[in-house]
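J.: Contents of model.cif (mmCIF, C-alpha atoms and all ligand atoms):
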data_data
#
loop_
_atom_site.label_atom_id
_atom_site.label_comp_id
_atom_site.auth_asym_id
_atom_site.auth_seq_id
_atom_site.Cartn_x
_atom_site.Cartn_y
_atom_site.Cartn_z
CA MET G 1 85.98 121.89 88.80
CA ASN G 2 88.68 119.22 88.82
CA ILE G 3 88.84 116.55 91.50
CA HIS G 4 91.89 114.33 91.96
CA LEU G 5 91.47 111.07 93.87
CA ILE G 6 94.94 110.18 94.97
CA GLY G 7 96.04 106.82 96.37
CA ILE G 8 98.66 107.50 99.04
CA GLY G 9 99.68 103.98 100.05
CA GLY G 10 99.82 102.94 103.69
CA GLY G 11 100.65 106.32 105.14
CA HIS G 12 104.45 106.28 105.07
CA PRO G 13 105.62 109.35 103.14
CA ASP G 14 108.17 107.23 101.20
CA GLN G 15 105.45 104.99 99.87
CA ILE G 16 103.64 107.48 97.69
CA THR G 17 104.37 107.43 93.94
CA VAL G 18 105.89 110.33 91.96
CA GLN G 19 102.67 110.48 89.93
CA ALA G 20 100.62 110.85 93.13
CA ILE G 21 102.94 113.62 94.37
CA GLU G 22 102.44 115.54 91.12
CA LYS G 23 98.66 115.29 91.46
CA LEU G 24 98.80 116.25 95.13
CA ARG G 25 100.81 119.39 94.33
CA ALA G 26 98.10 120.58 91.94
CA VAL G 27 95.45 120.51 94.69
CA ASP G 28 94.16 123.70 96.35
CA VAL G 29 91.65 122.11 98.73
CA PHE G 30 91.75 118.65 100.25
CA ILE G 31 88.48 117.24 101.52
CA VAL G 32 88.89 114.65 104.25
CA ALA G 33 86.34 112.58 106.14
CA ASP G 34 86.55 113.36 109.84
CA LYS G 35 86.10 109.94 111.44
CA GLY G 36 86.69 111.06 115.03
CA ALA G 37 89.55 110.61 117.46
CA SER G 38 90.02 106.87 116.97
CA VAL G 39 92.02 107.36 113.79
CA GLY G 40 94.34 110.07 115.09
CA ASP G 41 97.45 108.30 113.79
CA LEU G 42 95.99 108.11 110.30
CA ALA G 43 95.28 111.85 110.32
CA ALA G 44 98.87 112.42 111.49
CA ALA G 45 100.21 110.26 108.64
CA ARG G 46 98.16 112.24 106.13
CA GLN G 47 99.49 115.51 107.57
CA MET G 48 103.06 114.21 107.30
CA ILE G 49 102.53 113.34 103.63
CA LEU G 50 101.17 116.80 102.85
CA GLU G 51 103.95 118.58 104.72
CA ARG G 52 106.62 116.58 102.99
CA HIS G 53 105.22 116.48 99.46
CA HIS G 54 102.89 119.42 98.83
CA GLY G 55 105.29 122.30 99.37
CA GLY G 56 102.72 125.02 98.52
CA SER G 57 99.63 126.42 100.11
CA TYR G 58 96.46 124.40 100.43
CA ARG G 59 93.38 124.14 102.59
CA LEU G 60 92.19 121.03 104.38
CA ILE G 61 88.44 120.82 104.93
CA GLU G 62 87.34 118.13 107.36
CA VAL G 63 83.81 116.90 106.76
CA PRO G 64 82.16 114.96 109.60
CA ASP G 65 81.60 111.43 108.32
CA PRO G 66 77.87 110.61 108.24
CA GLN G 67 76.83 107.85 110.67
CA ARG G 68 76.42 104.47 109.02
CA ASP G 69 73.36 102.43 109.90
CA ARG G 70 74.82 99.33 111.58
CA SER G 71 71.49 97.80 112.56
CA PRO G 72 71.08 94.29 111.17
CA ARG G 73 69.21 95.29 108.01
CA GLN G 74 70.43 94.87 104.44
CA TYR G 75 74.19 95.61 104.41
CA GLN G 76 74.18 96.74 100.75
CA SER G 77 71.42 99.30 101.20
CA ALA G 78 72.92 100.63 104.46
CA VAL G 79 76.26 101.19 102.68
CA SER G 80 74.58 102.76 99.67
CA ASP G 81 72.64 105.21 101.94
CA TRP G 82 75.93 106.06 103.62
CA HIS G 83 77.54 106.81 100.23
CA ASP G 84 74.60 109.07 99.32
CA ALA G 85 75.00 110.98 102.60
CA ARG G 86 78.72 111.38 101.97
CA ALA G 87 78.15 112.59 98.40
CA ARG G 88 75.66 115.21 99.68
CA ALA G 89 78.06 116.38 102.41
CA TYR G 90 80.98 116.74 99.96
CA ALA G 91 78.81 118.43 97.31
CA GLU G 92 77.87 121.06 99.92
CA VAL G 93 81.56 121.77 100.47
CA LEU G 94 82.12 122.10 96.71
CA ASP G 95 79.24 124.61 96.53
CA GLY G 96 81.27 126.93 98.79
CA LEU G 97 84.44 126.83 96.66
CA ALA G 98 85.39 129.26 93.89
CA ALA G 99 85.11 128.02 90.29
CA GLY G 100 88.41 126.55 89.12
CA THR G 101 89.45 125.30 92.57
CA VAL G 102 91.30 121.99 92.29
CA VAL G 103 89.99 119.56 94.90
CA GLY G 104 91.79 116.47 96.19
CA PHE G 105 90.78 113.36 98.10
CA LEU G 106 93.63 111.38 99.65
CA VAL G 107 92.74 107.72 99.66
CA TRP G 108 94.39 105.13 101.89
CA GLY G 109 96.21 102.43 99.93
CA ASP G 110 94.70 102.11 96.45
CA PRO G 111 91.35 103.75 95.64
CA ALA G 112 90.27 100.66 93.70
CA LEU G 113 90.21 98.35 96.72
CA TYR G 114 87.48 98.45 99.37
CA ASP G 115 87.17 102.21 99.36
CA SER G 116 84.06 104.19 98.56
CA THR G 117 85.66 107.45 97.37
CA ILE G 118 85.42 106.64 93.64
CA ARG G 119 81.72 105.74 93.98
CA VAL G 120 80.99 108.86 96.05
CA VAL G 121 82.81 111.21 93.64
CA GLU G 122 81.04 109.53 90.72
CA GLN G 123 77.77 110.46 92.42
CA ILE G 124 78.93 114.06 92.85
CA ALA G 125 79.94 114.22 89.17
CA ALA G 126 76.46 112.97 88.23
CA MET G 127 74.88 115.76 90.34
CA ARG G 128 77.19 118.54 89.14
CA LYS G 129 77.96 118.72 85.47
CA ASP G 130 80.97 121.05 86.05
CA VAL G 131 82.90 118.31 87.90
CA GLU G 132 85.56 116.13 86.29
CA PHE G 133 87.68 113.68 88.22
CA ASP G 134 90.66 111.38 87.80
CA VAL G 135 92.15 108.58 89.88
CA THR G 136 95.80 107.97 90.73
CA PRO G 137 96.61 104.47 92.00
CA GLY G 138 98.35 103.87 95.30
CA ILE G 139 100.18 100.97 96.92
CA SER G 140 97.50 98.81 98.55
CA SER G 141 97.76 96.89 101.79
CA VAL G 142 97.58 93.74 99.64
CA SER G 143 100.81 94.72 97.84
CA MET G 144 102.39 95.61 101.18
CA LEU G 145 101.40 92.26 102.69
CA ALA G 146 102.93 90.36 99.78
CA ALA G 147 106.15 92.38 99.82
CA SER G 148 106.62 92.16 103.58
CA HIS G 149 106.20 88.38 103.52
CA LYS G 150 108.20 88.09 100.23
CA LEU G 151 105.23 86.32 98.69
CA VAL G 152 103.76 85.73 95.27
CA LEU G 153 100.02 85.84 95.96
CA ASN G 154 98.93 83.43 93.24
CA ARG G 155 100.14 79.88 92.87
CA ILE G 156 101.81 79.36 89.47
CA GLY G 157 99.18 80.28 86.87
CA GLY G 158 96.44 80.17 89.52
CA PRO G 159 93.83 82.65 90.76
CA ILE G 160 93.89 84.81 93.87
CA VAL G 161 90.65 86.05 95.40
CA ILE G 162 90.48 89.21 97.48
CA THR G 163 87.62 89.04 99.94
CA THR G 164 86.42 90.33 103.30
CA GLY G 165 85.95 88.79 106.73
CA ARG G 166 82.19 89.08 106.15
CA ASN G 167 82.39 86.86 103.03
CA LEU G 168 85.16 84.46 104.02
CA ALA G 169 82.99 81.55 105.22
CA ALA G 170 80.91 81.59 102.02
CA ASP G 171 84.03 81.81 99.83
CA VAL G 172 85.63 78.84 101.56
CA ALA G 173 82.37 76.88 101.33
CA ALA G 174 82.44 77.61 97.57
CA GLY G 175 85.82 75.87 97.36
CA LEU G 176 88.18 78.85 97.16
CA ASP G 177 91.51 78.02 98.75
CA ASN G 178 93.84 80.95 98.01
CA LEU G 179 92.44 84.18 99.41
CA VAL G 180 93.49 87.59 100.67
CA VAL G 181 91.19 88.73 103.46
CA MET G 182 90.60 92.39 104.30
CA LEU G 183 88.18 94.24 106.57
CA ASP G 184 88.20 91.49 109.15
CA GLY G 185 88.15 92.99 112.62
CA ASN G 186 87.10 89.63 114.09
CA LEU G 187 89.75 87.25 112.70
CA THR G 188 87.04 85.22 110.99
CA CYS G 189 89.70 82.70 109.99
CA SER G 190 89.58 81.43 113.61
CA ALA G 191 86.63 79.30 112.49
CA LEU G 192 88.82 77.49 109.93
CA THR G 193 91.25 75.70 112.23
CA GLY G 194 91.71 71.97 111.79
CA ALA G 195 91.69 72.10 107.98
CA ASP G 196 95.30 72.61 106.94
CA TRP G 197 95.27 76.31 106.20
CA GLU G 198 98.42 78.41 106.10
CA ILE G 199 98.26 82.09 106.94
CA HIS G 200 100.46 85.10 106.19
CA TRP G 201 99.15 87.92 108.39
CA GLY G 202 100.22 91.56 108.61
CA ALA G 203 99.05 94.47 110.73
CA ASN G 204 99.74 98.18 110.33
CA LEU G 205 101.76 97.36 107.24
CA GLY G 206 104.06 100.06 105.96
CA THR G 207 104.23 101.80 109.35
CA SER G 208 106.97 101.62 111.98
CA ASP G 209 104.68 99.31 113.98
CA GLU G 210 104.22 96.71 111.27
CA LYS G 211 103.63 93.23 112.68
CA LEU G 212 103.94 90.02 110.68
CA VAL G 213 103.07 86.43 111.57
CA ALA G 214 103.14 83.42 109.22
CA GLY G 215 102.68 79.68 109.53
CA PRO G 216 100.06 76.94 109.81
CA LEU G 217 96.81 78.61 110.96
CA ASP G 218 96.31 76.13 113.80
CA GLU G 219 99.76 76.88 115.21
CA VAL G 220 99.98 80.65 114.84
CA LEU G 221 96.43 81.85 115.52
CA GLY G 222 97.29 82.53 119.17
CA ASP G 223 100.37 84.59 118.16
CA ILE G 224 98.22 86.61 115.74
CA ARG G 225 95.64 87.36 118.45
CA LEU G 226 98.39 88.50 120.82
CA ALA G 227 100.09 90.67 118.18
CA ARG G 228 96.74 92.18 117.17
CA ASP G 229 95.79 93.04 120.77
CA GLU G 230 99.23 94.50 121.41
CA VAL G 231 99.12 96.83 118.38
CA LYS G 232 95.57 97.85 119.23
CA SER G 233 96.28 98.63 122.88
CA ARG G 234 99.39 100.65 121.93
CA HIS G 235 97.69 102.78 119.23
CA GLY G 236 93.98 102.49 119.79
CA TRP G 237 93.58 101.06 116.26
CA VAL G 238 94.83 98.14 114.24
CA MET G 239 94.40 97.34 110.54
CA ASP G 240 95.26 93.88 109.34
CA THR G 241 95.19 91.87 106.12
CA TYR G 242 96.09 88.25 105.54
CA LEU G 243 96.65 85.61 102.90
CA LEU G 244 94.95 82.32 103.62
CA ARG G 245 96.03 79.34 101.55
CA ARG G 246 95.22 75.65 101.86
CA ALA G 247 98.51 73.84 102.48
CA GLY G 248 99.95 71.35 100.00
CA ARG G 249 97.66 72.17 97.04
C1 LIG G 301 88.58 100.35 103.94
S1 LIG G 301 89.76 99.17 103.48
C2 LIG G 301 90.88 100.16 102.60
C3 LIG G 301 91.85 99.39 101.73
C4 LIG G 301 92.81 100.29 100.98
N1 LIG G 301 92.13 101.01 99.93
C5 LIG G 301 93.99 99.51 100.39
O1 LIG G 301 94.22 99.60 99.17
O2 LIG G 301 94.67 98.85 101.15
C6 LIG G 301 90.54 98.93 105.02
C7 LIG G 301 91.16 97.55 105.12
O3 LIG G 301 92.38 97.58 104.40
C8 LIG G 301 93.34 96.82 105.09
N2 LIG G 301 94.45 97.72 105.46
C9 LIG G 301 94.51 99.04 105.19
N3 LIG G 301 95.69 99.54 105.62
C10 LIG G 301 96.37 98.51 106.16
C11 LIG G 301 97.64 98.39 106.76
N4 LIG G 301 98.44 99.43 106.89
N5 LIG G 301 98.03 97.17 107.20
C12 LIG G 301 97.23 96.10 107.06
N6 LIG G 301 96.02 96.16 106.50
C13 LIG G 301 95.58 97.34 106.06
C14 LIG G 301 92.65 96.19 106.30
O4 LIG G 301 92.17 94.92 105.92
C15 LIG G 301 91.53 97.16 106.53
O5 LIG G 301 90.46 96.53 107.20
#
Would you mind writing the file's structure down as structure tokens?
Ligand SMILES: C[S@@+](CC[C@H](N)C(=O)[O-])C[C@H]1O[C@@H](n2cnc3c(N)ncnc32)[C@H](O)[C@@H]1O

T.:
Amino acid sequence: MNIHLIGIGGGHPDQITVQAIEKLRAVDVFIVADKGASVGDLAAARQMILERHHGGSYRLIEVPDPQRDRSPRQYQSAVSDWHDARARAYAEVLDGLAAGTVVGFLVWGDPALYDSTIRVVEQIAAMRKDVEFDVTPGISSVSMLAASHKLVLNRIGGPIVITTGRNLAADVAAGLDNLVVMLDGNLTCSALTGADWEIHWGANLGTSDEKLVAGPLDEVLGDIRLARDEVKSRHGWVMDTYLLRRAGR
């Protein structure tokens, strides 16, 4: 059984690559995690991509996403248990499919960045010896952020670190001063005012509701909060990513 993991970019049907379209067209059954009503727009974007680019017949099987343990125990082990539960749920779906069915997973942005699908499918392939899988890259929110702000992420010859809101404080304490921050529902950067940071922030990048704010963190934090709340109240969800860079270095 072949499984294609396909990066689809930020959801706009123009943002998917030709290579991804070719993979998508070979798929008979798409397996998607059903994350409930809160991500209705994302499901609609996925549907739009399939309608525009698949062109043939396919089935979409929605698999209820297992609950993640959010109690304050070890984050790593909670996430790893969640991956195991996902792998078991998807493997059960595969058991019900005819041999030779081509299965696809559509992955938001790029599958290599803060997404568990590769790890979960790796687990399935370890359980079932008849499974082979491949990965097609997609345009990540990091690329979209840079393009929308017309930015080069690294300083000349310098490093760029991609991190999460959860790790930001530790990364800054370790001396990092040029970072892209993802998975930060709490605007953790709010704790960094008064230290000469510049921010380039983007929400719902690649969609018709894209919002951008840039400037000295101390000056624009209020604008970012307002823009974030506005997008969230309009759609019920907001996804944002930002570059944080110490000014003048
Ligand atoms: C689970 S990660 C998935 C990342 C995805 N694989 C990628 O390549 O962009 C979700 C995080 O990606 C970022 N993100 C995803 N889509 C975004 C978008 N359209 N606009 C801004 N940030 C986005 C946000 O930081 C969000 O918390």

J.: Which residues sit within 10 Å of ligand LIG 301 (chain G), counting only C-alpha atoms and all ligand atoms, listed as a PyMOL selection string?

T.: chain G and resi 7-12+42+107-117+137-145+163-165+180-185+201-207+209-212+238-242

J.: Could you save those same residues with C-alpha atoms as a CSV table (one decimal), in the coordinates of the input?

T.:
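Once everything was written out, this is selection-v8.csv:
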chain,number,residue,atom,x,y,z
G,7,GLY,CA,96.0,106.8,96.4
G,8,ILE,CA,98.7,107.5,99.0
G,9,GLY,CA,99.7,104.0,100.0
G,10,GLY,CA,99.8,102.9,103.7
G,11,GLY,CA,100.6,106.3,105.1
G,12,HIS,CA,104.4,106.3,105.1
G,42,LEU,CA,96.0,108.1,110.3
G,107,VAL,CA,92.7,107.7,99.7
G,108,TRP,CA,94.4,105.1,101.9
G,109,GLY,CA,96.2,102.4,99.9
G,110,ASP,CA,94.7,102.1,96.4
G,111,PRO,CA,91.4,103.8,95.6
G,112,ALA,CA,90.3,100.7,93.7
G,113,LEU,CA,90.2,98.4,96.7
G,114,TYR,CA,87.5,98.4,99.4
G,115,ASP,CA,87.2,102.2,99.4
G,116,SER,CA,84.1,104.2,98.6
G,117,THR,CA,85.7,107.4,97.4
G,137,PRO,CA,96.6,104.5,92.0
G,138,GLY,CA,98.4,103.9,95.3
G,139,ILE,CA,100.2,101.0,96.9
G,140,SER,CA,97.5,98.8,98.6
G,141,SER,CA,97.8,96.9,101.8
G,142,VAL,CA,97.6,93.7,99.6
G,143,SER,CA,100.8,94.7,97.8
G,144,MET,CA,102.4,95.6,101.2
G,145,LEU,CA,101.4,92.3,102.7
G,163,THR,CA,87.6,89.0,99.9
G,164,THR,CA,86.4,90.3,103.3
G,165,GLY,CA,86.0,88.8,106.7
G,180,VAL,CA,93.5,87.6,100.7
G,181,VAL,CA,91.2,88.7,103.5
G,182,MET,CA,90.6,92.4,104.3
G,183,LEU,CA,88.2,94.2,106.6
G,184,ASP,CA,88.2,91.5,109.2
G,185,GLY,CA,88.2,93.0,112.6
G,201,TRP,CA,99.2,87.9,108.4
G,202,GLY,CA,100.2,91.6,108.6
G,203,ALA,CA,99.0,94.5,110.7
G,204,ASN,CA,99.7,98.2,110.3
G,205,LEU,CA,101.8,97.4,107.2
G,206,GLY,CA,104.1,100.1,106.0
G,207,THR,CA,104.2,101.8,109.4
G,209,ASP,CA,104.7,99.3,114.0
G,210,GLU,CA,104.2,96.7,111.3
G,211,LYS,CA,103.6,93.2,112.7
G,212,LEU,CA,103.9,90.0,110.7
G,238,VAL,CA,94.8,98.1,114.2
G,239,MET,CA,94.4,97.3,110.5
G,240,ASP,CA,95.3,93.9,109.3
G,241,THR,CA,95.2,91.9,106.1
G,242,TYR,CA,96.1,88.2,105.5

J.: Using all atoms listed in the file, pick whichever of G:Gly104, G:Pro13, G:Gly215, G:Pro159 has the shortest atom-to-atom distance to Arg46 (chain G).

T.: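 Nearest candidate to Arg46 (chain G) out of G:Gly104, G:Pro13, G:Gly215, G:Pro159: G:Pro13.
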
J.: Between G:Leu97, G:Val121, G:Ala44, G:Leu217, single out the one closest to Arg245 (chain G), counting all atoms listed in the file.

T.: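 Result for the nearest residue to Arg245 (chain G): G:Leu217.
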
J.: Could you please determine the separation between CA of Leu50 (chain G) and CA of Ile16 (chain G) in Å, to one decimal place?

T.: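 Interatomic distance here is 10.9 Å.
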
J.: Report as a PDB file with C-alpha atoms, in the frame of the given file all protein, DNA and RNA residues lying within 6 Å of Leu244 (chain G), evaluated on all atoms listed in the file, omitting residues in the same chain fewer than 3 positions from it.

T.:
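Saved result, around-v1.pdb, follows:
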ATOM      1  CA  ASN G 178      93.840  80.950  98.010  1.00  0.00           C
ATOM      2  CA  LEU G 179      92.440  84.180  99.410  1.00  0.00           C
ATOM      3  CA  GLU G 198      98.420  78.410 106.100  1.00  0.00           C
ATOM      4  CA  ILE G 199      98.260  82.090 106.940  1.00  0.00           C
TER       5      ILE G 199
END

J.: Between G:Ala98, G:Leu60, G:Ala89, G:Val135, which residue has the minimum interatomic distance to Gln19 (chain G), considering all atoms listed in the file?

T.: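 Of the candidates, the smallest distance to Gln19 (chain G) is held by G:Val135.
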